[in-house]
>>> print(open('work-v4.txt').read())   # compact mmCIF, N, CA and C atoms and all ligand atoms
# COMPACT_ATOMS: atom_id res chain seq x y z
N MET A 21 -7.61 -39.15 -38.44
CA MET A 21 -7.94 -38.83 -37.06
C MET A 21 -9.46 -38.87 -36.90
N SER A 22 -9.95 -39.61 -35.91
CA SER A 22 -11.39 -39.68 -35.70
C SER A 22 -11.85 -38.46 -34.91
N ASN A 23 -13.15 -38.24 -34.91
CA ASN A 23 -13.72 -37.13 -34.14
C ASN A 23 -13.36 -37.23 -32.66
N ASN A 24 -13.35 -38.48 -32.18
CA ASN A 24 -13.07 -38.73 -30.79
C ASN A 24 -11.69 -38.22 -30.37
N ASP A 25 -10.67 -38.56 -31.19
CA ASP A 25 -9.30 -38.12 -30.88
C ASP A 25 -9.25 -36.61 -30.76
N CYS A 26 -9.93 -36.01 -31.72
CA CYS A 26 -9.90 -34.55 -31.74
C CYS A 26 -10.48 -34.00 -30.45
N GLY A 27 -11.59 -34.58 -30.00
CA GLY A 27 -12.22 -34.13 -28.76
C GLY A 27 -11.28 -34.27 -27.59
N TYR A 28 -10.60 -35.42 -27.46
CA TYR A 28 -9.68 -35.63 -26.34
C TYR A 28 -8.55 -34.63 -26.38
N GLU A 29 -8.03 -34.45 -27.62
CA GLU A 29 -6.89 -33.55 -27.75
C GLU A 29 -7.26 -32.14 -27.28
N ARG A 30 -8.46 -31.72 -27.70
CA ARG A 30 -8.88 -30.37 -27.33
C ARG A 30 -9.03 -30.27 -25.81
N MET A 31 -9.59 -31.34 -25.22
CA MET A 31 -9.80 -31.33 -23.78
C MET A 31 -8.45 -31.24 -23.05
N CYS A 32 -7.47 -32.02 -23.59
CA CYS A 32 -6.14 -31.98 -22.97
C CYS A 32 -5.57 -30.58 -22.99
N TRP A 33 -5.64 -29.96 -24.16
CA TRP A 33 -5.09 -28.60 -24.26
C TRP A 33 -5.81 -27.65 -23.32
N THR A 34 -7.14 -27.80 -23.24
CA THR A 34 -7.90 -26.92 -22.35
C THR A 34 -7.39 -27.08 -20.92
N LEU A 35 -7.17 -28.35 -20.51
CA LEU A 35 -6.70 -28.60 -19.14
C LEU A 35 -5.31 -27.99 -18.91
N ILE A 36 -4.44 -28.16 -19.92
CA ILE A 36 -3.09 -27.62 -19.77
C ILE A 36 -3.14 -26.10 -19.62
N VAL A 37 -3.96 -25.47 -20.46
CA VAL A 37 -4.06 -24.00 -20.40
C VAL A 37 -4.63 -23.57 -19.04
N LEU A 38 -5.68 -24.27 -18.58
CA LEU A 38 -6.28 -23.91 -17.29
C LEU A 38 -5.27 -24.08 -16.15
N ALA A 39 -4.50 -25.19 -16.20
CA ALA A 39 -3.52 -25.44 -15.14
C ALA A 39 -2.46 -24.34 -15.15
N ALA A 40 -2.01 -23.96 -16.35
CA ALA A 40 -0.99 -22.92 -16.45
C ALA A 40 -1.53 -21.60 -15.89
N LEU A 41 -2.79 -21.30 -16.24
CA LEU A 41 -3.40 -20.07 -15.74
C LEU A 41 -3.48 -20.09 -14.22
N ALA A 42 -3.92 -21.22 -13.67
CA ALA A 42 -4.07 -21.33 -12.22
C ALA A 42 -2.73 -21.12 -11.54
N LEU A 43 -1.67 -21.71 -12.10
CA LEU A 43 -0.35 -21.59 -11.50
C LEU A 43 0.17 -20.15 -11.56
N SER A 44 -0.13 -19.48 -12.66
CA SER A 44 0.43 -18.14 -12.81
C SER A 44 -0.35 -17.13 -11.97
N VAL A 45 -1.63 -17.42 -11.69
CA VAL A 45 -2.44 -16.45 -10.96
C VAL A 45 -2.34 -16.67 -9.45
N ALA A 46 -2.26 -17.94 -9.01
CA ALA A 46 -2.36 -18.23 -7.57
C ALA A 46 -1.33 -17.51 -6.69
N PRO A 47 -0.02 -17.53 -7.02
CA PRO A 47 0.92 -16.87 -6.11
C PRO A 47 0.67 -15.37 -6.05
N GLY A 48 0.30 -14.76 -7.18
CA GLY A 48 -0.01 -13.34 -7.22
C GLY A 48 -1.12 -13.00 -6.25
N CYS A 49 -2.15 -13.84 -6.18
CA CYS A 49 -3.28 -13.61 -5.28
C CYS A 49 -2.80 -13.52 -3.85
N ASN A 50 -1.91 -14.43 -3.45
CA ASN A 50 -1.43 -14.43 -2.08
C ASN A 50 -0.71 -13.15 -1.72
N VAL A 51 0.12 -12.68 -2.63
CA VAL A 51 0.89 -11.47 -2.37
C VAL A 51 -0.04 -10.27 -2.26
N GLU A 52 -1.03 -10.22 -3.14
CA GLU A 52 -1.90 -9.06 -3.20
C GLU A 52 -2.98 -9.05 -2.13
N ARG A 53 -3.24 -10.21 -1.51
CA ARG A 53 -4.38 -10.28 -0.59
C ARG A 53 -4.22 -9.25 0.52
N ARG A 54 -5.29 -8.50 0.73
CA ARG A 54 -5.25 -7.44 1.73
C ARG A 54 -5.48 -8.01 3.12
N LYS A 55 -4.61 -7.69 4.05
CA LYS A 55 -4.77 -8.17 5.42
C LYS A 55 -5.81 -7.33 6.15
N SER A 56 -6.57 -7.97 7.05
CA SER A 56 -7.55 -7.23 7.84
C SER A 56 -6.82 -6.45 8.93
N ASP A 57 -7.53 -5.47 9.52
CA ASP A 57 -6.95 -4.70 10.62
C ASP A 57 -6.52 -5.62 11.76
N ALA A 58 -7.35 -6.65 12.02
CA ALA A 58 -7.04 -7.58 13.12
C ALA A 58 -5.76 -8.36 12.83
N GLU A 59 -5.62 -8.82 11.58
CA GLU A 59 -4.41 -9.57 11.21
C GLU A 59 -3.16 -8.71 11.36
N LEU A 60 -3.32 -7.41 11.13
CA LEU A 60 -2.18 -6.49 11.26
C LEU A 60 -1.98 -6.09 12.72
N GLY A 61 -2.93 -6.48 13.59
CA GLY A 61 -2.82 -6.16 15.02
C GLY A 61 -3.00 -4.66 15.30
N LEU A 62 -3.87 -4.00 14.51
CA LEU A 62 -4.04 -2.55 14.68
C LEU A 62 -4.98 -2.25 15.84
N ASN A 63 -4.65 -1.26 16.66
CA ASN A 63 -5.58 -0.80 17.69
C ASN A 63 -6.59 0.14 17.01
N PRO A 64 -7.65 0.56 17.73
CA PRO A 64 -8.69 1.38 17.08
C PRO A 64 -8.15 2.66 16.44
N GLN A 65 -7.20 3.32 17.10
CA GLN A 65 -6.66 4.55 16.51
C GLN A 65 -5.89 4.25 15.22
N GLN A 66 -5.08 3.20 15.26
CA GLN A 66 -4.31 2.83 14.06
C GLN A 66 -5.25 2.41 12.92
N ALA A 67 -6.34 1.72 13.28
CA ALA A 67 -7.30 1.30 12.25
C ALA A 67 -7.99 2.51 11.64
N ALA A 68 -8.29 3.51 12.46
CA ALA A 68 -8.88 4.75 11.94
C ALA A 68 -7.88 5.43 11.00
N GLY A 69 -6.61 5.40 11.39
CA GLY A 69 -5.57 5.98 10.54
C GLY A 69 -5.43 5.25 9.22
N ARG A 70 -5.64 3.94 9.26
CA ARG A 70 -5.53 3.16 8.03
C ARG A 70 -6.62 3.55 7.03
N LYS A 71 -7.82 3.84 7.55
CA LYS A 71 -8.92 4.28 6.66
C LYS A 71 -8.54 5.58 5.97
N ILE A 72 -7.95 6.50 6.74
CA ILE A 72 -7.54 7.78 6.16
C ILE A 72 -6.44 7.52 5.11
N TYR A 73 -5.52 6.63 5.46
CA TYR A 73 -4.44 6.29 4.52
C TYR A 73 -5.02 5.76 3.21
N ASP A 74 -5.96 4.81 3.33
CA ASP A 74 -6.55 4.20 2.13
C ASP A 74 -7.22 5.27 1.27
N HIS A 75 -7.83 6.23 1.93
CA HIS A 75 -8.59 7.26 1.23
C HIS A 75 -7.67 8.31 0.60
N ASP A 76 -6.61 8.71 1.32
CA ASP A 76 -5.83 9.87 0.89
C ASP A 76 -4.41 9.58 0.42
N CYS A 77 -3.84 8.47 0.81
CA CYS A 77 -2.41 8.25 0.55
C CYS A 77 -2.14 7.05 -0.35
N ASP A 78 -2.99 6.05 -0.28
CA ASP A 78 -2.71 4.78 -0.95
C ASP A 78 -2.53 4.91 -2.46
N ARG A 79 -3.24 5.86 -3.09
CA ARG A 79 -3.11 5.96 -4.55
C ARG A 79 -1.70 6.38 -4.96
N CYS A 80 -0.93 6.97 -4.06
CA CYS A 80 0.43 7.38 -4.41
C CYS A 80 1.52 6.62 -3.65
N HIS A 81 1.17 6.00 -2.52
CA HIS A 81 2.19 5.34 -1.70
C HIS A 81 1.79 3.91 -1.35
N GLU A 82 2.66 2.95 -1.65
CA GLU A 82 2.47 1.57 -1.19
C GLU A 82 2.77 1.52 0.30
N PRO A 83 1.81 0.97 1.12
CA PRO A 83 2.10 0.92 2.56
C PRO A 83 3.01 -0.25 2.96
N TYR A 84 2.90 -1.37 2.23
CA TYR A 84 3.64 -2.56 2.66
C TYR A 84 4.71 -2.97 1.66
N SER A 85 5.27 -1.97 0.99
CA SER A 85 6.32 -2.23 0.02
C SER A 85 7.16 -0.96 -0.07
N THR A 86 8.41 -1.11 -0.48
CA THR A 86 9.24 0.08 -0.69
C THR A 86 9.20 0.48 -2.17
N LYS A 87 8.41 -0.28 -2.93
CA LYS A 87 8.25 0.00 -4.36
C LYS A 87 7.53 1.34 -4.53
N GLY A 88 7.97 2.16 -5.43
CA GLY A 88 7.34 3.46 -5.63
C GLY A 88 6.08 3.38 -6.48
N LYS A 89 5.09 4.25 -6.18
CA LYS A 89 3.96 4.50 -7.09
C LYS A 89 4.22 5.90 -7.61
N LYS A 90 3.33 6.88 -7.29
CA LYS A 90 3.67 8.26 -7.63
C LYS A 90 4.69 8.80 -6.65
N GLY A 91 4.58 8.35 -5.41
CA GLY A 91 5.55 8.69 -4.37
C GLY A 91 6.23 7.42 -3.90
N PRO A 92 7.23 7.53 -3.02
CA PRO A 92 7.95 6.33 -2.57
C PRO A 92 7.07 5.41 -1.71
N GLY A 93 7.35 4.10 -1.75
CA GLY A 93 6.69 3.16 -0.85
C GLY A 93 7.07 3.49 0.58
N LEU A 94 6.12 3.32 1.52
CA LEU A 94 6.38 3.80 2.88
C LEU A 94 6.65 2.68 3.88
N LYS A 95 6.79 1.46 3.38
CA LYS A 95 7.07 0.34 4.29
C LYS A 95 8.29 0.65 5.17
N GLY A 96 8.10 0.47 6.49
CA GLY A 96 9.22 0.65 7.42
C GLY A 96 9.71 2.08 7.53
N MET A 97 8.88 3.07 7.15
CA MET A 97 9.38 4.45 7.09
C MET A 97 9.92 4.97 8.43
N PHE A 98 9.30 4.55 9.55
CA PHE A 98 9.79 5.03 10.85
C PHE A 98 10.86 4.13 11.44
N ARG A 99 11.19 3.05 10.74
CA ARG A 99 12.25 2.17 11.26
C ARG A 99 13.63 2.69 10.89
N ASN A 100 13.67 3.55 9.88
CA ASN A 100 14.95 4.14 9.49
C ASN A 100 15.10 5.50 10.15
N LYS A 101 16.34 5.96 10.22
CA LYS A 101 16.59 7.26 10.82
C LYS A 101 16.12 8.38 9.88
N TYR A 102 16.26 8.15 8.58
CA TYR A 102 15.92 9.18 7.60
C TYR A 102 14.93 8.65 6.59
N LEU A 103 14.09 9.54 6.09
CA LEU A 103 13.14 9.16 5.04
C LEU A 103 13.93 8.86 3.77
N ARG A 104 13.49 7.83 3.07
CA ARG A 104 14.29 7.30 1.97
C ARG A 104 14.51 8.30 0.85
N LEU A 105 13.44 8.97 0.42
CA LEU A 105 13.58 9.84 -0.75
C LEU A 105 14.17 11.21 -0.39
N SER A 106 13.56 11.89 0.58
CA SER A 106 13.97 13.26 0.88
C SER A 106 15.20 13.31 1.77
N GLY A 107 15.47 12.23 2.53
CA GLY A 107 16.60 12.25 3.45
C GLY A 107 16.31 13.07 4.71
N LEU A 108 15.04 13.52 4.88
CA LEU A 108 14.67 14.24 6.10
C LEU A 108 14.59 13.25 7.26
N PRO A 109 14.78 13.73 8.50
CA PRO A 109 14.69 12.82 9.65
C PRO A 109 13.31 12.15 9.70
N ALA A 110 13.29 10.85 9.95
CA ALA A 110 12.02 10.12 10.01
C ALA A 110 11.44 10.28 11.40
N ASN A 111 10.91 11.45 11.71
CA ASN A 111 10.26 11.64 13.00
C ASN A 111 8.87 12.26 12.80
N ASP A 112 8.09 12.29 13.90
CA ASP A 112 6.70 12.75 13.81
C ASP A 112 6.61 14.18 13.29
N GLU A 113 7.55 15.01 13.73
CA GLU A 113 7.48 16.42 13.37
C GLU A 113 7.63 16.59 11.85
N ARG A 114 8.67 15.99 11.27
CA ARG A 114 8.91 16.13 9.83
C ARG A 114 7.78 15.51 9.02
N VAL A 115 7.38 14.32 9.43
CA VAL A 115 6.37 13.61 8.63
C VAL A 115 5.03 14.33 8.69
N SER A 116 4.64 14.83 9.87
CA SER A 116 3.35 15.54 9.90
C SER A 116 3.45 16.85 9.13
N ASP A 117 4.63 17.46 9.09
CA ASP A 117 4.81 18.64 8.24
C ASP A 117 4.59 18.30 6.77
N ILE A 118 5.19 17.18 6.33
CA ILE A 118 5.03 16.77 4.92
C ILE A 118 3.55 16.56 4.61
N ILE A 119 2.83 15.92 5.56
CA ILE A 119 1.41 15.65 5.32
C ILE A 119 0.62 16.96 5.29
N ARG A 120 0.90 17.86 6.22
CA ARG A 120 0.12 19.10 6.28
C ARG A 120 0.46 20.04 5.14
N LEU A 121 1.75 20.14 4.79
CA LEU A 121 2.18 21.16 3.83
C LEU A 121 2.39 20.64 2.41
N GLY A 122 2.51 19.30 2.26
CA GLY A 122 2.82 18.74 0.95
C GLY A 122 4.29 18.92 0.63
N ARG A 123 4.70 18.37 -0.50
CA ARG A 123 6.12 18.45 -0.87
C ARG A 123 6.23 18.14 -2.35
N ASN A 124 6.77 19.07 -3.14
CA ASN A 124 6.88 18.88 -4.59
C ASN A 124 5.57 18.38 -5.19
N GLU A 125 5.54 17.14 -5.71
CA GLU A 125 4.33 16.61 -6.37
C GLU A 125 3.26 16.17 -5.38
N MET A 126 3.60 16.15 -4.11
CA MET A 126 2.61 15.67 -3.13
C MET A 126 1.74 16.82 -2.64
N PRO A 127 0.40 16.63 -2.69
CA PRO A 127 -0.49 17.71 -2.26
C PRO A 127 -0.45 17.91 -0.74
N ALA A 128 -0.87 19.08 -0.28
CA ALA A 128 -0.96 19.39 1.15
C ALA A 128 -2.31 18.90 1.69
N PHE A 129 -2.32 18.46 2.94
CA PHE A 129 -3.56 17.93 3.52
C PHE A 129 -4.07 18.75 4.70
N SER A 130 -3.46 19.92 4.95
CA SER A 130 -3.88 20.71 6.12
C SER A 130 -5.33 21.18 5.98
N GLN A 131 -5.83 21.30 4.76
CA GLN A 131 -7.22 21.74 4.56
C GLN A 131 -8.20 20.58 4.61
N THR A 132 -7.72 19.36 4.37
CA THR A 132 -8.65 18.22 4.30
C THR A 132 -8.65 17.37 5.56
N LEU A 133 -7.53 17.36 6.30
CA LEU A 133 -7.46 16.50 7.49
C LEU A 133 -7.38 17.35 8.75
N SER A 134 -8.15 16.94 9.77
CA SER A 134 -8.09 17.63 11.05
C SER A 134 -6.84 17.18 11.81
N GLN A 135 -6.50 17.91 12.89
CA GLN A 135 -5.36 17.54 13.72
C GLN A 135 -5.54 16.10 14.22
N ARG A 136 -6.76 15.79 14.64
CA ARG A 136 -7.07 14.46 15.16
C ARG A 136 -6.84 13.38 14.08
N GLN A 137 -7.29 13.67 12.85
CA GLN A 137 -7.10 12.71 11.76
C GLN A 137 -5.63 12.50 11.45
N ILE A 138 -4.84 13.59 11.51
CA ILE A 138 -3.41 13.47 11.26
C ILE A 138 -2.76 12.61 12.35
N GLU A 139 -3.23 12.78 13.59
CA GLU A 139 -2.69 11.96 14.69
C GLU A 139 -3.02 10.48 14.46
N ASP A 140 -4.25 10.19 14.04
CA ASP A 140 -4.64 8.80 13.76
C ASP A 140 -3.77 8.24 12.63
N LEU A 141 -3.61 9.04 11.59
CA LEU A 141 -2.81 8.63 10.44
C LEU A 141 -1.36 8.35 10.87
N MET A 142 -0.81 9.21 11.71
CA MET A 142 0.57 9.01 12.19
C MET A 142 0.67 7.70 12.98
N ALA A 143 -0.37 7.42 13.79
CA ALA A 143 -0.35 6.18 14.57
C ALA A 143 -0.27 4.97 13.63
N TYR A 144 -1.01 5.04 12.53
CA TYR A 144 -0.97 3.95 11.55
C TYR A 144 0.39 3.89 10.85
N LEU A 145 0.93 5.05 10.46
CA LEU A 145 2.22 5.06 9.74
C LEU A 145 3.31 4.41 10.59
N HIS A 146 3.19 4.53 11.92
CA HIS A 146 4.20 3.91 12.80
C HIS A 146 4.13 2.38 12.77
N THR A 147 3.04 1.82 12.24
CA THR A 147 2.93 0.35 12.19
C THR A 147 3.53 -0.21 10.89
N LEU A 148 3.89 0.67 9.95
CA LEU A 148 4.36 0.17 8.64
C LEU A 148 5.78 -0.38 8.72
C1 LIG B 1 -0.72 12.66 -5.59
C2 LIG B 1 0.20 11.70 -4.99
C3 LIG B 1 0.43 11.75 -3.50
C4 LIG B 1 -0.49 11.67 -2.47
C5 LIG B 1 -2.01 11.60 -2.58
C6 LIG B 1 0.27 11.59 -1.26
N1 LIG B 1 1.62 11.67 -1.54
FE1 LIG B 1 3.14 11.56 -0.17
N2 LIG B 1 4.47 11.95 -1.64
C7 LIG B 1 4.19 12.03 -2.99
C8 LIG B 1 5.41 12.35 -3.71
C9 LIG B 1 5.53 12.53 -5.22
C10 LIG B 1 6.43 12.45 -2.73
C11 LIG B 1 7.89 12.82 -2.97
C12 LIG B 1 8.08 14.30 -2.67
C13 LIG B 1 9.51 14.75 -2.88
O1 LIG B 1 9.84 15.06 -4.03
O2 LIG B 1 10.28 14.77 -1.89
C14 LIG B 1 5.81 12.16 -1.46
C15 LIG B 1 6.50 12.13 -0.26
C16 LIG B 1 5.97 11.66 0.93
C17 LIG B 1 6.73 11.40 2.13
C18 LIG B 1 8.24 11.57 2.28
C19 LIG B 1 8.90 10.31 1.76
C20 LIG B 1 10.41 10.40 1.68
O3 LIG B 1 11.04 9.32 1.59
O4 LIG B 1 10.96 11.49 1.70
C21 LIG B 1 5.85 10.94 3.06
C22 LIG B 1 6.17 10.52 4.50
C23 LIG B 1 4.54 10.94 2.46
N3 LIG B 1 4.66 11.39 1.16
C24 LIG B 1 3.39 10.56 3.09
C25 LIG B 1 2.12 10.69 2.55
C26 LIG B 1 0.91 10.46 3.29
C27 LIG B 1 0.83 9.99 4.73
C28 LIG B 1 -0.12 10.75 2.43
C29 LIG B 1 -1.62 10.72 2.73
C30 LIG B 1 -2.09 11.75 3.64
C31 LIG B 1 0.45 11.12 1.15
N4 LIG B 1 1.81 11.10 1.26
C32 LIG B 1 -0.28 11.46 0.01
C33 LIG B 1 2.95 11.86 -3.58
C34 LIG B 1 1.76 11.76 -2.89
>>> encode(input="work-v4.txt", output="structure tokens")
Amino acid sequence: MSNNDCGYERMCWTLIVLAALALSVAPGCNVERRKSDAELGLNPQQAAGRKIYDHDCDRCHEPYSTKGKKGPGLKGMFRNKYLRLSGLPANDERVSDIIRLGRNEMPAFSQTLSQRQIEDLMAYLHTL
């Protein structure tokens, strides 16, 4: 085998590996890409609620998936009659109670969020 063959062979393998990497990473990027507030069609109150969500809820709850993190995913939470995990009615009263008082492993937010912030957050949760 000449030096030349070896060089071509190595280049081929490098290309194959790069192509495989590109294929395996590209679809994942699309799924993970974060949509802007405008793309989600959020009004200013809902966008303010999304900021609070990102800061206080996102580490435990997926907003656009039903997949669980530390807590259940919240996608479509107000579209069902009952909350998926607890089975409580999916209405503003119950959900704001859960946020203010916490529940089992979930911390309470009545000390960290104002009434106004909870209202903004609720407006955003209704868009999920
Ligand atoms: C430290 C992790 C953590 C954080 C932060 C957190 N949660 Fe939770 N949340 C949980 C867990 C765990 C549960 C399940 C409680 C139970 O056992 O019923 C839960 C339950 C819920 C439920 C009821 C879901 C159901 O199907 O019954 C809602 C709604 C909810 N959380 C909303 C929020 C919102 C909104 C925030 C941000 C203000 C938030 N959570 C912050 C962990 C968290």
>>> residues_around(input="work-v4.txt", residues="A:Gln65", least_positions_apart="4", cutoff="8 Å", atoms="all atoms listed in the file", output="PDB file with N, CA and C atoms, in the frame of the given file")
ATOM      1  N   GLY A  69      -6.610   5.400  11.390  1.00  0.00           N
ATOM      2  CA  GLY A  69      -5.570   5.980  10.540  1.00  0.00           C
ATOM      3  C   GLY A  69      -5.430   5.250   9.220  1.00  0.00           C
ATOM      4  N   ARG A  70      -5.640   3.940   9.260  1.00  0.00           N
ATOM      5  CA  ARG A  70      -5.530   3.160   8.030  1.00  0.00           C
ATOM      6  C   ARG A  70      -6.620   3.550   7.030  1.00  0.00           C
ATOM      7  N   LYS A  71      -7.820   3.840   7.550  1.00  0.00           N
ATOM      8  CA  LYS A  71      -8.920   4.280   6.660  1.00  0.00           C
ATOM      9  C   LYS A  71      -8.540   5.580   5.970  1.00  0.00           C
ATOM     10  N   GLU A 139      -3.230  12.780  13.590  1.00  0.00           N
ATOM     11  CA  GLU A 139      -2.690  11.960  14.690  1.00  0.00           C
ATOM     12  C   GLU A 139      -3.020  10.480  14.460  1.00  0.00           C
ATOM     13  N   ASP A 140      -4.250  10.190  14.040  1.00  0.00           N
ATOM     14  CA  ASP A 140      -4.640   8.800  13.760  1.00  0.00           C
ATOM     15  C   ASP A 140      -3.770   8.240  12.630  1.00  0.00           C
ATOM     16  N   LEU A 141      -3.610   9.040  11.590  1.00  0.00           N
ATOM     17  CA  LEU A 141      -2.810   8.630  10.440  1.00  0.00           C
ATOM     18  C   LEU A 141      -1.360   8.350  10.870  1.00  0.00           C
ATOM     19  N   MET A 142      -0.810   9.210  11.710  1.00  0.00           N
ATOM     20  CA  MET A 142       0.570   9.010  12.190  1.00  0.00           C
ATOM     21  C   MET A 142       0.670   7.700  12.980  1.00  0.00           C
ATOM     22  N   ALA A 143      -0.370   7.420  13.790  1.00  0.00           N
ATOM     23  CA  ALA A 143      -0.350   6.180  14.570  1.00  0.00           C
ATOM     24  C   ALA A 143      -0.270   4.970  13.630  1.00  0.00           C
ATOM     25  N   TYR A 144      -1.010   5.040  12.530  1.00  0.00           N
ATOM     26  CA  TYR A 144      -0.970   3.950  11.550  1.00  0.00           C
ATOM     27  C   TYR A 144       0.390   3.890  10.850  1.00  0.00           C
TER      28      TYR A 144
END
>>> select_by_dssp(input="work-v4.txt", residues="stretch 35-131 of chain A", states="strand (DSSP E or B)", output="ChimeraX atom specification")
/A:81,88,102,109,123,126
>>> closest_residue(input="work-v4.txt", among="A:Arg104, A:Lys89, A:Arg54, A:Arg99", to="ligand LIG 1 (chain B)", atoms="all atoms listed in the file")
A:Arg104
>>> residues_around(input="work-v4.txt", residues="A:Ala110", least_positions_apart="4", cutoff="6 Å", atoms="only C-alpha atoms", output="ChimeraX atom specification")
/A:98,101-103
>>> residues_near_ligand(input="work-v4.txt", ligand="ligand LIG 1 (chain B)", cutoff="8 Å", atoms="all atoms listed in the file", output="ChimeraX atom specification")
/A:72-81,89-94,97,102-108,114-116,118-120,122-129,138,141-142,145
>>> write_last_selection(input="work-v4.txt", atoms="N, CA and C atoms", output="short mmCIF file (atom, residue, chain, number, x, y, z; two decimals), keeping the file's coordinate frame")
data_model
loop_
_atom_site.label_atom_id
_atom_site.label_comp_id
_atom_site.auth_asym_id
_atom_site.auth_seq_id
_atom_site.Cartn_x
_atom_site.Cartn_y
_atom_site.Cartn_z
N ILE A 72 -7.95 6.50 6.74
CA ILE A 72 -7.54 7.78 6.16
C ILE A 72 -6.44 7.52 5.11
N TYR A 73 -5.52 6.63 5.46
CA TYR A 73 -4.44 6.29 4.52
C TYR A 73 -5.02 5.76 3.21
N ASP A 74 -5.96 4.81 3.33
CA ASP A 74 -6.55 4.20 2.13
C ASP A 74 -7.22 5.27 1.27
N HIS A 75 -7.83 6.23 1.93
CA HIS A 75 -8.59 7.26 1.23
C HIS A 75 -7.67 8.31 0.60
N ASP A 76 -6.61 8.71 1.32
CA ASP A 76 -5.83 9.87 0.89
C ASP A 76 -4.41 9.58 0.42
N CYS A 77 -3.84 8.47 0.81
CA CYS A 77 -2.41 8.25 0.55
C CYS A 77 -2.14 7.05 -0.35
N ASP A 78 -2.99 6.05 -0.28
CA ASP A 78 -2.71 4.78 -0.95
C ASP A 78 -2.53 4.91 -2.46
N ARG A 79 -3.24 5.86 -3.09
CA ARG A 79 -3.11 5.96 -4.55
C ARG A 79 -1.70 6.38 -4.96
N CYS A 80 -0.93 6.97 -4.06
CA CYS A 80 0.43 7.38 -4.41
C CYS A 80 1.52 6.62 -3.65
N HIS A 81 1.17 6.00 -2.52
CA HIS A 81 2.19 5.34 -1.70
C HIS A 81 1.79 3.91 -1.35
N LYS A 89 5.09 4.25 -6.18
CA LYS A 89 3.96 4.50 -7.09
C LYS A 89 4.22 5.90 -7.61
N LYS A 90 3.33 6.88 -7.29
CA LYS A 90 3.67 8.26 -7.63
C LYS A 90 4.69 8.80 -6.65
N GLY A 91 4.58 8.35 -5.41
CA GLY A 91 5.55 8.69 -4.37
C GLY A 91 6.23 7.42 -3.90
N PRO A 92 7.23 7.53 -3.02
CA PRO A 92 7.95 6.33 -2.57
C PRO A 92 7.07 5.41 -1.71
N GLY A 93 7.35 4.10 -1.75
CA GLY A 93 6.69 3.16 -0.85
C GLY A 93 7.07 3.49 0.58
N LEU A 94 6.12 3.32 1.52
CA LEU A 94 6.38 3.80 2.88
C LEU A 94 6.65 2.68 3.88
N MET A 97 8.88 3.07 7.15
CA MET A 97 9.38 4.45 7.09
C MET A 97 9.92 4.97 8.43
N TYR A 102 16.26 8.15 8.58
CA TYR A 102 15.92 9.18 7.60
C TYR A 102 14.93 8.65 6.59
N LEU A 103 14.09 9.54 6.09
CA LEU A 103 13.14 9.16 5.04
C LEU A 103 13.93 8.86 3.77
N ARG A 104 13.49 7.83 3.07
CA ARG A 104 14.29 7.30 1.97
C ARG A 104 14.51 8.30 0.85
N LEU A 105 13.44 8.97 0.42
CA LEU A 105 13.58 9.84 -0.75
C LEU A 105 14.17 11.21 -0.39
N SER A 106 13.56 11.89 0.58
CA SER A 106 13.97 13.26 0.88
C SER A 106 15.20 13.31 1.77
N GLY A 107 15.47 12.23 2.53
CA GLY A 107 16.60 12.25 3.45
C GLY A 107 16.31 13.07 4.71
N LEU A 108 15.04 13.52 4.88
CA LEU A 108 14.67 14.24 6.10
C LEU A 108 14.59 13.25 7.26
N ARG A 114 8.67 15.99 11.27
CA ARG A 114 8.91 16.13 9.83
C ARG A 114 7.78 15.51 9.02
N VAL A 115 7.38 14.32 9.43
CA VAL A 115 6.37 13.61 8.63
C VAL A 115 5.03 14.33 8.69
N SER A 116 4.64 14.83 9.87
CA SER A 116 3.35 15.54 9.90
C SER A 116 3.45 16.85 9.13
N ILE A 118 5.19 17.18 6.33
CA ILE A 118 5.03 16.77 4.92
C ILE A 118 3.55 16.56 4.61
N ILE A 119 2.83 15.92 5.56
CA ILE A 119 1.41 15.65 5.32
C ILE A 119 0.62 16.96 5.29
N ARG A 120 0.90 17.86 6.22
CA ARG A 120 0.12 19.10 6.28
C ARG A 120 0.46 20.04 5.14
N GLY A 122 2.51 19.30 2.26
CA GLY A 122 2.82 18.74 0.95
C GLY A 122 4.29 18.92 0.63
N ARG A 123 4.70 18.37 -0.50
CA ARG A 123 6.12 18.45 -0.87
C ARG A 123 6.23 18.14 -2.35
N ASN A 124 6.77 19.07 -3.14
CA ASN A 124 6.88 18.88 -4.59
C ASN A 124 5.57 18.38 -5.19
N GLU A 125 5.54 17.14 -5.71
CA GLU A 125 4.33 16.61 -6.37
C GLU A 125 3.26 16.17 -5.38
N MET A 126 3.60 16.15 -4.11
CA MET A 126 2.61 15.67 -3.13
C MET A 126 1.74 16.82 -2.64
N PRO A 127 0.40 16.63 -2.69
CA PRO A 127 -0.49 17.71 -2.26
C PRO A 127 -0.45 17.91 -0.74
N ALA A 128 -0.87 19.08 -0.28
CA ALA A 128 -0.96 19.39 1.15
C ALA A 128 -2.31 18.90 1.69
N PHE A 129 -2.32 18.46 2.94
CA PHE A 129 -3.56 17.93 3.52
C PHE A 129 -4.07 18.75 4.70
N ILE A 138 -4.84 13.59 11.51
CA ILE A 138 -3.41 13.47 11.26
C ILE A 138 -2.76 12.61 12.35
N LEU A 141 -3.61 9.04 11.59
CA LEU A 141 -2.81 8.63 10.44
C LEU A 141 -1.36 8.35 10.87
N MET A 142 -0.81 9.21 11.71
CA MET A 142 0.57 9.01 12.19
C MET A 142 0.67 7.70 12.98
N LEU A 145 0.93 5.05 10.46
CA LEU A 145 2.22 5.06 9.74
C LEU A 145 3.31 4.41 10.59
#
>>> atom_distance(input="work-v4.txt", atom1="atom CA of A:Leu62", atom2="atom CA of A:Arg136")
17.3 Å
>>> select_by_dssp(input="work-v4.txt", residues="stretch 33-144 of chain A", states="alpha helix (DSSP H)", output="PyMOL selection string")
chain A and resi 33-52+64-76+112-121+135-144
>>> closest_residue(input="work-v4.txt", among="A:Glu59, A:Leu35, A:Arg53, A:Leu133", to="A:Leu121", atoms="only C-alpha atoms")
A:Leu133
>>> atom_distance(input="work-v4.txt", atom1="atom CA of A:Gln135", atom2="atom CA of A:Thr86")
26.9 Å
